[in-house]
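Everything below concerns the one structure shown next.
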Amino acid sequence: MASNFLAQPSPDASLPDAKGRFGEFGGRFVPETLVAALDQLEDEYRKAQKDPSFQEELDVLLRDFVGRPSPLYFAKRLTEKCGGAQIWFKREDVNHTGAHKINSTLGQALLTMRMGKTRVIAETGAGQHGVATATACAHFGIPCVVYMGEEDVRRQQPNVQSMKMLGAEICPVTTGSRTLRDAVNQAMRDWMASVADTHYILGSVVGPHPFPLIVRDFQAVIGRETIAQSQERFDRLPDAVVACVGGGSNAAGMFYPFVAETDVPLIGVEAGGENDTPGRHASSLTYGKPGVLHGSYSYVLQDEDGQTDDVHSASAGLDYPGVGPEHSHWKATDRVEYRSCRDDEALATFDLVARTEGILPALESSHAIAKGMEVAKERGKDEIVVVCLSGRGDKDAAEIQRLRDELGS
Amino acid sequence: MSAIDDLFKRLKSEGKKAFMPFITAGDPNLEFTAEMLKSLDASGCHLAELGIPYSDPIADGPVIQASYTRSLNGGTKLKDIFEMVSGVTSEIQMPIVSMISYAIIHRLGIDEYLKQAKAAGISGAIVPDMPVDESVELAEKCKAQDFSLIQLITPTTPRERAIEIAKHTTGFIYYVSIAGITGERSELPVDLIDNLKWLKSQTDLPICVGFGISQPEHALTLKPVCDGMIVGSAIVRRIAKATTDNVATADVIKDVGEFSNSMLSAING
């Protein structure tokens, strides 16, 4: 099966528009210092899209280095336990480095070299994007600095160790809530001063144009493979597709090729945290309002003065007060339904999937599976629900034990 | 003509350059900010940039970030800042310009922001996270209300784009001396003088330089090629001592006053 990058026509090639807008969302709200670099990145990306050698190099890497295509797997015992539609996992967890993030970091590392830049910076929350960036940089021999909130350094130690072994420099961020949002701020500040020779490999479909476009396109291999695999296995498309949404990169990659398939319901799952009071969750689309954060106009959790709210999620990768602008557009146009999943539901689902399927899902992905089960229960036995299993959960084992001890269970 | 246009007209006729201190509203509290503004005005500063604290400032270095955090942790709200400013503007000569994230303006709404800022006596805005391409609506509304929208040009701005930015700017052009974030630097970039000379040849607007400027020596170097200078971190660092070293506010105001005087005499002495 071809995983050819952009081999098929885009479902909605008109978005984003020339100003980087998905409907009213997106754009470029950044200091003037970064505008030239964003223009350069967009130009280089447009050239790469038209360059067969770029596509070929990326395809070979995705096949031989990442291990694509990733399997579409029938979660048989989970389906039996759940009752209702068949639950299938798109196994991004079996990719090299254990998550979907590598799809985008390899593409962006190639762009880095095409632009003649010699240094890479990145932010990371759960550490998956940090590991995937460190891996791509080690593969190509590019020096790499990863910004990571101090709180995330604590709760995602295995990934911190991996990044160091891969030769990346880790910069713990001690400002603000010491999580993903602060890591993005610090990476942007580094980029302000290093923009001449450094590319910022942003990890999600957030930030200023063209990042939401580029990351989505590199991740769209997930949805394209899912469509091809569904045709092959079921001779039709799935009846529903579910993915978790922090910034929203695995969901954007999974959903984008399905957007034009209007008969297929798409469900994004946000981090519901502990409860729905501000500060105790990270559900920007469910509880937020359109506003500006980290360079784009999108749904955001902020107070009446425009100050960003603190957020909470047991999962470091979803612990973010904003969301990609294309998700805001999909919400505004009712193309995607967004639900919110609480910490305790995600933790219970982690346990269930571990014991019924022999798979440790990432805490992020556990949110998607929890709501995927909810969707399956609403549907008949012959129906097919595909859940994006965006990453593996080994990184979370210690943190889950700590959370259990805290809850006294 | 806004108060800023008047200021530069007057300075030009006197053969002088502007010295513009930046301070953060509400660091350590708004009563202090009011006193500081009065003191800066009394010592002859020409314009004050008032930083509206924001939770996620990506153009700012550690000194200004920390001041924003102190202010927000102290509970500073936008309506209280406007109230404080309106109590001060009747007593001072120098215009006040707000340095404010578009995240804040958007949440309030452009019309409401302009209404409240103007009512408080604020003369213009610098919106560091809104490049010219996104500024059309705000620029139109500012122009209609004679509220200056000061846009930034940086060393990474291509020259054609710089000319375009100048066309959409009112009040003065804020030239960012370095590619980077705010903060004190001992050396100024080597090509800064040439960049300023070129920009001067392209526009009639006053050009003021900021980022990294912190010493009277910088002022001496720059004054032949610009119309004003903005100093932030060197002042905010002194104000921080009120919190971090428990220095009495009267002593902080005196320290900032002495520093401002040294800059003022280098610029116009």
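We label chains A, B, ... in the order they appear in the structure tokens, count residues from 1 in each chain, and number ligands from 1 in the order shown.
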Residue hits in chain A, query chain B, radius 10 Å, only C-alpha atoms, as an NGL selection string = :A and (19 or 27-37 or 175-176 or 181-182 or 184-196 or 289-297 or 302-310)
Shell of 7 Å around segment 122-131 of chain A, only C-alpha atoms, local chain residues under 3 positions omitted, as an MDAnalysis selection string | chainID A and resid 97 99 101 134:135 145:148 152 156 159:160 162:163 179:180 183:184 187 200:203 316:317
Can you write out the residues you just picked, keeping C-alpha atoms, as a short mmCIF file (atom, residue, chain, number, x, y, z; two decimals), in the first residue's frame?
```cif
data_model
loop_
_atom_site.label_atom_id
_atom_site.label_comp_id
_atom_site.auth_asym_id
_atom_site.auth_seq_id
_atom_site.Cartn_x
_atom_site.Cartn_y
_atom_site.Cartn_z
CA THR A 97 9.43 6.05 18.72
CA ALA A 99 3.62 7.54 18.49
CA LYS A 101 4.71 12.41 16.09
CA ALA A 134 15.42 14.09 18.73
CA THR A 135 15.19 10.91 16.65
CA VAL A 145 17.24 21.49 21.69
CA VAL A 146 13.95 20.45 23.31
CA TYR A 147 11.97 22.73 25.64
CA MET A 148 9.90 20.85 28.20
CA ASP A 152 6.32 17.32 32.38
CA GLN A 156 7.50 11.78 31.64
CA ASN A 159 11.04 10.09 27.39
CA VAL A 160 13.47 12.58 28.96
CA SER A 162 15.46 8.75 25.60
CA MET A 163 15.87 12.29 24.28
CA THR A 179 3.80 22.45 31.19
CA LEU A 180 3.30 22.34 27.41
CA ALA A 183 7.39 25.05 26.65
CA VAL A 184 5.84 26.55 23.48
CA ALA A 187 10.68 27.63 22.15
CA TYR A 200 11.34 25.27 15.02
CA ILE A 201 9.77 21.82 14.61
CA LEU A 202 6.39 22.53 16.14
CA GLY A 203 4.69 19.35 17.33
CA ALA A 316 0.79 15.66 29.64
CA GLY A 317 0.15 15.58 25.89
#
```
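With only C-alpha atoms as the atoms that count, the residue of B:Ala162, B:Ala125, B:Met1, B:Ile239 with the shortest distance to Ser201 of chain B is B:Ala162.
Counting from atom CA of Ile230 of chain B, the distance to atom CA of Thr243 of chain B is 23.5 Å.
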Quick one: everything within 12 Å of Asp334 of chain A, counting only C-alpha atoms, minus sequence neighbours fewer than 5 positions away in the same chain. Send it as an MDAnalysis selection string.
-> chainID A and resid 259 262 265:268 326:329
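Inside segment 286-328 of chain A, the residues DSSP reads as strand (DSSP E or B) when given the backbone are Lys289, Pro290, Gly291, Val292, Leu293, Ser296, Tyr297, Ser298, Tyr299, Val300, Gln302, Thr308 and Gly322 of chain A.
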With C-alpha atoms kept, could you save the residues just selected as a CSV table (one decimal), in the first residue's frame?
```csv
chain,number,residue,atom,x,y,z
A,289,LYS,CA,-14.1,30.7,23.3
A,290,PRO,CA,-12.3,31.9,20.1
A,291,GLY,CA,-9.3,33.9,21.0
A,292,VAL,CA,-5.5,34.3,20.3
A,293,LEU,CA,-2.8,32.1,21.7
A,296,SER,CA,-3.2,31.7,15.9
A,297,TYR,CA,-6.9,32.5,16.3
A,298,SER,CA,-8.7,29.5,17.6
A,299,TYR,CA,-10.7,28.2,20.6
A,300,VAL,CA,-8.8,28.9,23.8
A,302,GLN,CA,-8.8,32.3,28.8
A,308,THR,CA,-4.7,32.2,29.4
A,322,GLY,CA,-5.6,25.9,23.0
```
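Separating atom CA of His100 of chain A from atom CA of Arg21 of chain A is a distance of 24.7 Å.
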With a distance cut-off of 8 Å and only C-alpha atoms, select the neighbouring residues of Phe147 of chain B, excluding the residue or stretch itself and same-chain residues fewer than 6 positions from it, and output the selection as a PyMOL selection string.
-> chain B and resi 2+114+118+123-125
Contacts of segment 231-235 of chain B at 9 Å or less, counting only C-alpha atoms, minus same-chain residues fewer than 3 places along, as a ChimeraX atom specification?
-> /B:19-24,49,61-64,182-184,209-215,238-240,256,259-260
With C-alpha atoms retained, write the just-selected residues as a PDB file, in the first residue's frame.
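Written out: result34.pdb:
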```pdb
ATOM      1  CA  PHE B  19      13.418  59.081  25.677  1.00  0.00           C
ATOM      2  CA  MET B  20      10.670  56.525  26.317  1.00  0.00           C
ATOM      3  CA  PRO B  21      10.759  54.339  29.390  1.00  0.00           C
ATOM      4  CA  PHE B  22       8.733  51.118  29.514  1.00  0.00           C
ATOM      5  CA  ILE B  23       7.156  49.978  32.744  1.00  0.00           C
ATOM      6  CA  THR B  24       4.748  47.144  33.523  1.00  0.00           C
ATOM      7  CA  GLU B  49       5.186  52.766  27.272  1.00  0.00           C
ATOM      8  CA  GLY B  61      12.877  38.154  27.868  1.00  0.00           C
ATOM      9  CA  PRO B  62      13.015  36.959  31.482  1.00  0.00           C
ATOM     10  CA  VAL B  63      12.989  40.436  33.121  1.00  0.00           C
ATOM     11  CA  ILE B  64       9.735  41.626  31.529  1.00  0.00           C
ATOM     12  CA  THR B 182      13.547  42.047  24.998  1.00  0.00           C
ATOM     13  CA  GLY B 183      16.431  42.371  27.449  1.00  0.00           C
ATOM     14  CA  GLU B 184      19.565  44.384  28.168  1.00  0.00           C
ATOM     15  CA  VAL B 209      14.644  52.161  18.582  1.00  0.00           C
ATOM     16  CA  GLY B 210      14.038  49.543  21.239  1.00  0.00           C
ATOM     17  CA  PHE B 211      15.172  46.098  22.493  1.00  0.00           C
ATOM     18  CA  GLY B 212      18.570  45.813  24.159  1.00  0.00           C
ATOM     19  CA  ILE B 213      19.085  49.532  24.812  1.00  0.00           C
ATOM     20  CA  SER B 214      20.180  49.994  28.392  1.00  0.00           C
ATOM     21  CA  GLN B 215      23.145  52.363  28.672  1.00  0.00           C
ATOM     22  CA  ARG B 238      15.272  48.204  38.916  1.00  0.00           C
ATOM     23  CA  ILE B 239      11.565  48.107  39.729  1.00  0.00           C
ATOM     24  CA  ALA B 240      11.782  44.358  40.403  1.00  0.00           C
ATOM     25  CA  VAL B 256      14.845  54.731  38.188  1.00  0.00           C
ATOM     26  CA  PHE B 259      18.935  56.128  35.518  1.00  0.00           C
ATOM     27  CA  SER B 260      16.404  58.066  33.397  1.00  0.00           C
TER      28      SER B 260
END
```
Ser148 of chain B environment, 12 Å, only C-alpha atoms, sequence neighbours closer than 3 positions dropped, as a ChimeraX atom specification | /B:1-6,95-99,114,117-118,122-127,138-145,151,168-174,205
Give me a file of those residues, with N, CA and C atoms, as a short mmCIF file (atom, residue, chain, number, x, y, z; two decimals), in the first residue's frame.
```
data_model
loop_
_atom_site.label_atom_id
_atom_site.label_comp_id
_atom_site.auth_asym_id
_atom_site.auth_seq_id
_atom_site.Cartn_x
_atom_site.Cartn_y
_atom_site.Cartn_z
N MET B 1 -4.35 65.08 14.59
CA MET B 1 -3.03 64.85 15.20
C MET B 1 -3.20 64.27 16.60
N SER B 2 -2.54 63.14 16.82
CA SER B 2 -2.60 62.58 18.17
C SER B 2 -1.52 63.27 19.01
N ALA B 3 -1.58 63.00 20.31
CA ALA B 3 -0.60 63.60 21.23
C ALA B 3 0.81 63.19 20.84
N ILE B 4 0.94 62.02 20.22
CA ILE B 4 2.27 61.53 19.84
C ILE B 4 2.81 62.33 18.65
N ASP B 5 1.92 62.62 17.70
CA ASP B 5 2.34 63.46 16.57
C ASP B 5 2.81 64.83 17.08
N ASP B 6 2.04 65.40 18.01
CA ASP B 6 2.41 66.70 18.60
C ASP B 6 3.79 66.64 19.26
N PRO B 95 2.72 61.69 26.78
CA PRO B 95 1.70 60.73 26.34
C PRO B 95 2.03 59.32 26.84
N ILE B 96 0.98 58.51 26.97
CA ILE B 96 1.16 57.10 27.35
C ILE B 96 0.69 56.21 26.20
N VAL B 97 1.53 55.23 25.90
CA VAL B 97 1.20 54.26 24.86
C VAL B 97 1.12 52.89 25.53
N SER B 98 0.12 52.09 25.17
CA SER B 98 0.04 50.76 25.78
C SER B 98 0.75 49.74 24.90
N MET B 99 1.54 48.88 25.55
CA MET B 99 2.13 47.72 24.89
C MET B 99 1.24 46.56 25.27
N LEU B 114 -10.59 50.42 22.26
CA LEU B 114 -10.29 51.80 21.85
C LEU B 114 -11.08 52.80 22.71
N ALA B 117 -9.47 52.74 26.28
CA ALA B 117 -8.10 53.28 26.28
C ALA B 117 -8.13 54.79 26.06
N LYS B 118 -8.94 55.21 25.12
CA LYS B 118 -9.03 56.65 24.85
C LYS B 118 -9.63 57.41 26.03
N ILE B 122 -5.05 57.25 27.07
CA ILE B 122 -3.95 56.57 26.38
C ILE B 122 -3.94 57.03 24.92
N SER B 123 -2.72 57.27 24.38
CA SER B 123 -2.62 57.89 23.05
C SER B 123 -2.38 56.92 21.91
N GLY B 124 -2.00 55.68 22.23
CA GLY B 124 -1.71 54.76 21.14
C GLY B 124 -1.42 53.37 21.67
N ALA B 125 -1.16 52.44 20.73
CA ALA B 125 -0.88 51.06 21.12
C ALA B 125 0.25 50.48 20.28
N ILE B 126 1.02 49.63 20.95
CA ILE B 126 1.99 48.76 20.28
C ILE B 126 1.47 47.35 20.54
N VAL B 127 1.25 46.59 19.48
CA VAL B 127 0.68 45.24 19.63
C VAL B 127 1.73 44.25 19.11
N LEU B 138 -7.83 46.73 12.92
CA LEU B 138 -7.39 47.57 14.03
C LEU B 138 -6.81 48.89 13.52
N ALA B 139 -6.01 48.81 12.46
CA ALA B 139 -5.37 50.02 11.92
C ALA B 139 -6.42 51.03 11.44
N GLU B 140 -7.45 50.52 10.76
CA GLU B 140 -8.52 51.42 10.28
C GLU B 140 -9.23 52.11 11.42
N LYS B 141 -9.57 51.32 12.43
CA LYS B 141 -10.31 51.88 13.56
C LYS B 141 -9.45 52.85 14.37
N CYS B 142 -8.16 52.56 14.50
CA CYS B 142 -7.26 53.47 15.22
C CYS B 142 -7.17 54.80 14.48
N LYS B 143 -7.02 54.71 13.18
CA LYS B 143 -6.89 55.91 12.36
C LYS B 143 -8.14 56.78 12.49
N ALA B 144 -9.31 56.13 12.40
CA ALA B 144 -10.57 56.87 12.49
C ALA B 144 -10.71 57.60 13.82
N GLN B 145 -10.05 57.07 14.85
CA GLN B 145 -10.21 57.67 16.18
C GLN B 145 -8.97 58.45 16.61
N GLN B 151 3.66 50.35 14.70
CA GLN B 151 4.00 49.00 14.23
C GLN B 151 5.51 48.81 14.29
N HIS B 168 1.41 51.69 7.04
CA HIS B 168 0.28 51.39 7.91
C HIS B 168 0.52 51.80 9.36
N THR B 169 1.57 52.56 9.57
CA THR B 169 1.93 52.96 10.93
C THR B 169 1.54 54.40 11.18
N THR B 170 1.09 54.68 12.40
CA THR B 170 0.87 56.07 12.80
C THR B 170 1.62 56.32 14.11
N GLY B 171 1.93 57.58 14.40
CA GLY B 171 2.67 57.93 15.62
C GLY B 171 4.16 57.87 15.39
N PHE B 172 4.73 56.67 15.51
CA PHE B 172 6.15 56.48 15.17
C PHE B 172 6.38 55.02 14.81
N ILE B 173 7.49 54.76 14.14
CA ILE B 173 7.88 53.38 13.84
C ILE B 173 8.73 52.88 15.00
N TYR B 174 8.42 51.68 15.46
CA TYR B 174 9.23 51.05 16.51
C TYR B 174 10.22 50.14 15.78
N LEU B 205 7.93 59.32 8.97
CA LEU B 205 7.53 59.06 10.36
C LEU B 205 8.74 59.08 11.28
#
```
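In this structure, atom CA of Thr249 of chain B sits 26.0 Å away from atom CA of Arg185 of chain B.
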Surrounding residues of Leu7 of chain B excluding itself and chain neighbours under 6 positions, 9 Å, only C-alpha atoms, as a ChimeraX atom specification = /B:18,46-47,94-95
Residues of the last selection are to be written out with N, CA and C atoms, as a compact mmCIF listing (two decimals), in the first residue's frame.
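To be explicit, this is the file written out as result.txt:
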```txt
# COMPACT_ATOMS: atom_id res chain seq x y z
N ALA B 18 13.48 61.67 21.59
CA ALA B 18 12.60 61.21 22.67
C ALA B 18 13.26 60.11 23.50
N HIS B 46 9.79 61.68 27.70
CA HIS B 46 8.91 62.24 26.67
C HIS B 46 7.65 61.44 26.43
N LEU B 47 7.71 60.14 26.69
CA LEU B 47 6.56 59.27 26.44
C LEU B 47 6.77 58.03 27.29
N MET B 94 3.58 63.85 29.51
CA MET B 94 4.00 62.87 28.49
C MET B 94 2.83 61.97 28.08
N PRO B 95 2.72 61.69 26.78
CA PRO B 95 1.70 60.73 26.34
C PRO B 95 2.03 59.32 26.84
```
